[in-house]
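Worksheet: the structure to be examined is printed underneath.
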Amino acid sequence: MTEKQALARAFFSRETRLVARALLGKRLVRLEKGGSRLAGLITEIEAYVGSDDLGCHARAGRTARNASMWGPPGYAYVYFTYGMHWMLNIVTEQDGFPAAVLIRAIKPLEGLEVMQARRSGRPRHALTDGPAKLCQALNIDRRMDGYDICQTKASLFIENEPEIPETLVTKTPRVGLNHVPEPWKSIPWRYFVHPSKLLNPNEEEQP
DNA sequence: AGCACGATTAACT
DNA sequence: GTTAATCGTGCTC
């Protein structure tokens, strides 16, 4: 198997919607103590752009919670919500500008047994098909907030994969912003590709 | 110190 | 389709 290249900081320093679109199909990788490698291809992602974006946590200014989003690109912004769930974002654009992409779903390919153990034995299709689900499966919580996913020997990073053709990409309004005013509520900054459309030639669990 | 709420999920009718 | 779960966070007093 050829070694894939981890995405460098320059990838994330670009405009947030461009980064979100470009991350579709890329491989989110989690390395754990003990050597297990968990990974999947990104199938759903949203852009949150600046304090003018009233759907973005940065709308109320910089706080202890959202501080990571104001930092340099290529770092994780992980936050807690609904009293029980963690969400994984990757910070985008330049240092000082608050923006990030929320990873909402991946197609699980590596480390399925570990993910299943963390997800109460749920079937493969339900392991990582939601933003809190993938954090649970990949053991991501507040310890990963502010983590540099571009550093060498990172335990959380994103590997390059072939670009997804535009014809396979669906754009919709972002999910869960029901009390956010227009135009932010309906602006189509969610990017989605159906998992079955992603090429993965029978790739399975590590041998 | 108290309180309303949330970029969700799972279970239920 | 509806709703309970569950608590860190940010805001007000």
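By convention here, the chains of the structure tokens are called A, B, ... in the order presented, each chain's residues are numbered starting at 1, and ligands are numbered starting at 1 in the order presented.
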
Shell around Glu159 of chain A at 8 Å using only C-alpha atoms (C1' of nucleotides), local window under 2 positions removed, as a CSV table (one decimal) with N, CA, C and O atoms, in the first residue's frame:
chain,number,residue,atom,x,y,z
A,4,LYS,N,0.2,7.5,1.9
A,4,LYS,CA,-0.4,8.8,1.5
A,4,LYS,C,0.2,9.9,2.2
A,4,LYS,O,0.7,9.8,3.3
A,5,GLN,N,0.0,11.1,1.7
A,5,GLN,CA,0.6,12.3,2.3
A,5,GLN,C,-0.4,13.0,3.1
A,5,GLN,O,-1.6,13.3,2.7
A,6,ALA,N,0.0,13.4,4.3
A,6,ALA,CA,-0.9,14.2,5.2
A,6,ALA,C,-1.0,15.6,4.6
A,6,ALA,O,0.0,16.2,4.1
A,7,LEU,N,-2.2,16.2,4.7
A,7,LEU,CA,-2.4,17.5,4.2
A,7,LEU,C,-1.7,18.5,5.1
A,7,LEU,O,-1.7,18.5,6.3
A,26,LYS,N,-11.4,13.1,1.4
A,26,LYS,CA,-10.1,13.0,2.0
A,26,LYS,C,-10.2,12.0,3.2
A,26,LYS,O,-11.3,11.8,3.8
A,27,ARG,N,-9.1,11.5,3.7
A,27,ARG,CA,-9.1,10.5,4.7
A,27,ARG,C,-8.7,11.0,6.1
A,27,ARG,O,-7.6,11.5,6.3
A,28,LEU,N,-9.7,11.0,7.0
A,28,LEU,CA,-9.4,11.4,8.4
A,28,LEU,C,-8.8,10.2,9.1
A,28,LEU,O,-9.4,9.1,9.1
A,29,VAL,N,-7.7,10.4,9.7
A,29,VAL,CA,-6.9,9.3,10.4
A,29,VAL,C,-6.7,9.6,11.8
A,29,VAL,O,-6.3,10.7,12.2
A,157,PHE,N,-4.9,13.4,11.9
A,157,PHE,CA,-4.5,14.2,10.7
A,157,PHE,C,-5.4,13.8,9.5
A,157,PHE,O,-6.3,12.9,9.7
A,161,GLU,N,-6.4,12.3,-0.8
A,161,GLU,CA,-7.0,11.3,-1.6
A,161,GLU,C,-7.5,12.0,-2.9
A,161,GLU,O,-7.5,13.2,-3.0

Contact check, chain A to chain C, at most 10 Å, counting only C-alpha atoms (C1' of nucleotides), closest pairs as CSV:
residue,atom,partner,partner_atom,distance
A:Ala60,CA,C:DG10,C1',9.6
A:Thr63,CA,C:DG10,C1',8.3
A:Ala64,CA,C:DT9,C1',8.8
A:Arg65,CA,C:DT9,C1',7.2
A:Tyr79,CA,C:DG8,C1',9.3
A:Phe80,CA,C:DG8,C1',6.8
A:Thr81,CA,C:DG8,C1',7.5
A:Tyr82,CA,C:DT6,C1',6.9
A:Gly83,CA,C:DC7,C1',4.1
A:Met84,CA,C:DT6,C1',6.0
A:His85,CA,C:DT6,C1',9.5

* Can you work out the spacing between atom CA of Arg14 of chain A and atom CA of Tyr48 of chain A in Å, to one decimal? =>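 Atom CA of Arg14 of chain A sits 13.2 Å away from atom CA of Tyr48 of chain A.
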
* Where in segment 5-131 of chain A does DSSP assign strand (DSSP E or B), given as JSON, numbers by chain? -> {"A": [6, 27, 28, 29, 30, 31, 37, 38, 39, 40, 41, 42, 43, 44, 45, 46, 47, 48, 49, 75, 76, 77, 78, 79, 80, 81, 85, 86, 87, 88, 89, 90, 91, 99, 100, 101, 102, 103, 104, 105, 106, 107, 108, 109, 110]}

Near chain A, 9 Å: chain B residue rows, closest pairs, only C-alpha atoms (C1' of nucleotides), as JSON lines:
{"residue": "B:DC5", "atom": "C1'", "partner": "A:Tyr82", "partner_atom": "CA", "distance": 8.6}
{"residue": "B:DG6", "atom": "C1'", "partner": "A:Tyr82", "partner_atom": "CA", "distance": 5.4}
{"residue": "B:DA7", "atom": "C1'", "partner": "A:Gly176", "partner_atom": "CA", "distance": 6.0}
{"residue": "B:DT8", "atom": "C1'", "partner": "A:Tyr82", "partner_atom": "CA", "distance": 6.7}
{"residue": "B:DT9", "atom": "C1'", "partner": "A:Ala132", "partner_atom": "CA", "distance": 8.0}

Let's have the selection written as a tab-separated table (two decimals), in the first residue's frame, with all heavy atoms.
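out19.tsv, written as the output of this step:
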chain	number	residue	atom	x	y	z
B	5	DC	P	-34.19	29.36	26.37
B	5	DC	OP1	-34.77	30.36	25.44
B	5	DC	OP2	-35.02	28.25	26.90
B	5	DC	O5'	-32.91	28.74	25.66
B	5	DC	C5'	-31.84	29.60	25.29
B	5	DC	C4'	-30.65	28.76	24.88
B	5	DC	O4'	-30.03	28.15	26.04
B	5	DC	C3'	-31.00	27.60	23.93
B	5	DC	O3'	-30.13	27.67	22.83
B	5	DC	C2'	-30.73	26.35	24.78
B	5	DC	C1'	-29.62	26.85	25.69
B	5	DC	N1	-29.42	26.05	26.92
B	5	DC	C2	-28.12	25.75	27.34
B	5	DC	O2	-27.17	26.15	26.68
B	5	DC	N3	-27.95	25.01	28.46
B	5	DC	C4	-29.01	24.59	29.16
B	5	DC	N4	-28.78	23.87	30.25
B	5	DC	C5	-30.34	24.89	28.75
B	5	DC	C6	-30.50	25.61	27.64
B	6	DG	P	-30.62	27.19	21.34
B	6	DG	OP1	-30.76	28.36	20.45
B	6	DG	OP2	-31.70	26.20	21.44
B	6	DG	O5'	-29.30	26.43	20.89
B	6	DG	C5'	-28.03	27.07	21.02
B	6	DG	C4'	-26.96	26.00	21.11
B	6	DG	O4'	-27.05	25.34	22.38
B	6	DG	C3'	-27.11	24.93	20.03
B	6	DG	O3'	-25.81	24.51	19.63
B	6	DG	C2'	-27.82	23.80	20.78
B	6	DG	C1'	-27.22	23.94	22.17
B	6	DG	N9	-28.07	23.43	23.25
B	6	DG	C8	-29.44	23.39	23.29
B	6	DG	N7	-29.90	22.90	24.41
B	6	DG	C5	-28.77	22.59	25.14
B	6	DG	C6	-28.63	22.03	26.44
B	6	DG	O6	-29.52	21.68	27.23
B	6	DG	N1	-27.31	21.88	26.80
B	6	DG	C2	-26.23	22.23	26.02
B	6	DG	N2	-25.02	22.01	26.53
B	6	DG	N3	-26.35	22.75	24.81
B	6	DG	C4	-27.63	22.91	24.44
B	7	DA	P	-25.16	25.34	18.32
B	7	DA	OP1	-23.80	25.67	18.67
B	7	DA	OP2	-26.10	26.40	17.82
B	7	DA	O5'	-25.05	24.20	17.24
B	7	DA	C5'	-26.13	23.87	16.39
B	7	DA	C4'	-25.65	22.94	15.29
B	7	DA	O4'	-24.68	23.66	14.49
B	7	DA	C3'	-24.91	21.69	15.77
B	7	DA	O3'	-25.03	20.64	14.82
B	7	DA	C2'	-23.45	22.15	15.86
B	7	DA	C1'	-23.40	23.07	14.64
B	7	DA	N9	-22.46	24.17	14.80
B	7	DA	C8	-22.67	25.38	15.38
B	7	DA	N7	-21.64	26.17	15.37
B	7	DA	C5	-20.66	25.42	14.73
B	7	DA	C6	-19.32	25.69	14.42
B	7	DA	N6	-18.72	26.84	14.68
B	7	DA	N1	-18.62	24.73	13.81
B	7	DA	C2	-19.23	23.58	13.52
B	7	DA	N3	-20.48	23.20	13.77
B	7	DA	C4	-21.15	24.18	14.38
B	8	DT	P	-26.33	19.61	14.98
B	8	DT	OP1	-26.12	18.61	13.95
B	8	DT	OP2	-27.59	20.39	15.08
B	8	DT	O5'	-26.09	18.91	16.41
B	8	DT	C5'	-24.89	18.18	16.66
B	8	DT	C4'	-25.20	16.85	17.30
B	8	DT	O4'	-26.17	17.01	18.35
B	8	DT	C3'	-25.78	15.80	16.34
B	8	DT	O3'	-24.94	14.66	16.38
B	8	DT	C2'	-27.17	15.50	16.89
B	8	DT	C1'	-27.05	15.91	18.36
B	8	DT	N1	-28.32	16.33	18.98
B	8	DT	C2	-28.68	15.75	20.18
B	8	DT	O2	-28.03	14.89	20.74
B	8	DT	N3	-29.86	16.22	20.71
B	8	DT	C4	-30.67	17.18	20.17
B	8	DT	O4	-31.68	17.51	20.74
B	8	DT	C5	-30.23	17.75	18.92
B	8	DT	C7	-31.05	18.81	18.26
B	8	DT	C6	-29.09	17.30	18.40
B	9	DT	P	-25.18	13.33	15.44
B	9	DT	OP1	-23.86	12.77	15.14
B	9	DT	OP2	-26.12	13.65	14.35
B	9	DT	O5'	-25.90	12.33	16.45
B	9	DT	C5'	-25.25	12.05	17.67
B	9	DT	C4'	-26.15	11.26	18.58
B	9	DT	O4'	-27.23	12.09	19.02
B	9	DT	C3'	-26.77	10.00	17.95
B	9	DT	O3'	-26.30	8.89	18.69
B	9	DT	C2'	-28.28	10.22	18.09
B	9	DT	C1'	-28.39	11.29	19.15
B	9	DT	N1	-29.53	12.23	19.03
B	9	DT	C2	-30.36	12.40	20.12
B	9	DT	O2	-30.22	11.79	21.17
B	9	DT	N3	-31.38	13.30	19.93
B	9	DT	C4	-31.63	14.03	18.78
B	9	DT	O4	-32.58	14.81	18.74
B	9	DT	C5	-30.72	13.82	17.70
B	9	DT	C7	-30.91	14.55	16.42
B	9	DT	C6	-29.72	12.93	17.86

* To do: Provide the atom CA of Arg142 of chain A to atom CA of Pro73 of chain A distance in Å, to one decimal place.
  =>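 Pair atom CA of Arg142 of chain A / atom CA of Pro73 of chain A returns 18.0 Å.
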
* To do: Going by DSSP on the backbone, which bits of chain A are helix (DSSP H, G or I)? Write them as a PyMOL selection string, please.
  => chain A and resi 9-12+16-23+57-60+67-70+112-118+124-126+131-137+142-144+166-168+195-197

* Asked: Using only C-alpha atoms (C1' of nucleotides), which residues sit within 10 Å of Ala126 of chain A once same-chain residues fewer than 4 positions away are excluded, as an MDAnalysis selection string?
  -> chainID A and resid 107:108 116 119 121:122 130 133:134

* Write out as number ranges by chain each polymer residue whose atoms come within 12 Å of Pro183 of chain A, counting only C-alpha atoms (C1' of nucleotides); drop sequence neighbours fewer than 4 positions from it. => A: 52-55, 173-174, 177-179, 187-189

Write the residues you've just listed into a file as an mmCIF file, in the first residue's frame, and include C-alpha atoms for each of them.
data_model
loop_
_atom_site.group_PDB
_atom_site.id
_atom_site.type_symbol
_atom_site.label_atom_id
_atom_site.label_comp_id
_atom_site.auth_asym_id
_atom_site.auth_seq_id
_atom_site.Cartn_x
_atom_site.Cartn_y
_atom_site.Cartn_z
ATOM 1 C CA ASP A 52 -20.440 37.929 10.627
ATOM 2 C CA ASP A 53 -21.722 34.384 10.033
ATOM 3 C CA LEU A 54 -24.567 34.187 12.566
ATOM 4 C CA GLY A 55 -24.499 30.392 12.383
ATOM 5 C CA PRO A 173 -28.010 24.522 3.993
ATOM 6 C CA ARG A 174 -26.132 23.693 7.182
ATOM 7 C CA LEU A 177 -29.316 26.104 12.656
ATOM 8 C CA ASN A 178 -33.056 26.338 13.147
ATOM 9 C CA HIS A 179 -32.989 29.523 15.212
ATOM 10 C CA ILE A 187 -26.951 29.504 2.840
ATOM 11 C CA PRO A 188 -25.701 26.263 1.221
ATOM 12 C CA TRP A 189 -22.443 25.747 3.060
#

For Phe192 of chain A, work out the shell of residues within 8 Å, counting only C-alpha atoms (C1' of nucleotides) and skipping chain neighbours fewer than 2 positions away, then give it as a PDB file with N, CA and C atoms, in the first residue's frame.
ATOM      1  N   LEU A  24     -13.821  16.921   0.947  1.00  0.00           N
ATOM      2  CA  LEU A  24     -14.690  15.782   0.634  1.00  0.00           C
ATOM      3  C   LEU A  24     -13.850  14.657   0.023  1.00  0.00           C
ATOM      4  N   THR A  43     -17.331  12.429   4.149  1.00  0.00           N
ATOM      5  CA  THR A  43     -18.487  12.442   3.244  1.00  0.00           C
ATOM      6  C   THR A  43     -19.409  13.632   3.469  1.00  0.00           C
ATOM      7  N   GLU A  44     -19.226  14.335   4.579  1.00  0.00           N
ATOM      8  CA  GLU A  44     -20.117  15.460   4.879  1.00  0.00           C
ATOM      9  C   GLU A  44     -19.357  16.480   5.718  1.00  0.00           C
ATOM     10  N   ILE A  45     -19.453  17.753   5.304  1.00  0.00           N
ATOM     11  CA  ILE A  45     -18.661  18.782   5.980  1.00  0.00           C
ATOM     12  C   ILE A  45     -19.338  20.143   5.783  1.00  0.00           C
ATOM     13  N   VAL A 169     -21.105  16.003  -5.914  1.00  0.00           N
ATOM     14  CA  VAL A 169     -21.182  16.825  -4.707  1.00  0.00           C
ATOM     15  C   VAL A 169     -22.549  17.498  -4.579  1.00  0.00           C
ATOM     16  N   THR A 170     -23.173  17.324  -3.435  1.00  0.00           N
ATOM     17  CA  THR A 170     -24.431  18.001  -3.125  1.00  0.00           C
ATOM     18  C   THR A 170     -24.172  19.114  -2.124  1.00  0.00           C
ATOM     19  N   LYS A 171     -24.759  20.299  -2.375  1.00  0.00           N
ATOM     20  CA  LYS A 171     -24.628  21.423  -1.459  1.00  0.00           C
ATOM     21  C   LYS A 171     -25.994  21.762  -0.897  1.00  0.00           C
ATOM     22  N   ARG A 190     -23.126  23.447   3.373  1.00  0.00           N
ATOM     23  CA  ARG A 190     -22.910  22.023   3.701  1.00  0.00           C
ATOM     24  C   ARG A 190     -22.591  21.284   2.408  1.00  0.00           C
ATOM     25  N   HIS A 194     -22.381  11.085  -1.394  1.00  0.00           N
ATOM     26  CA  HIS A 194     -22.933   9.835  -0.885  1.00  0.00           C
ATOM     27  C   HIS A 194     -21.814   8.809  -0.708  1.00  0.00           C
TER      28      HIS A 194
END
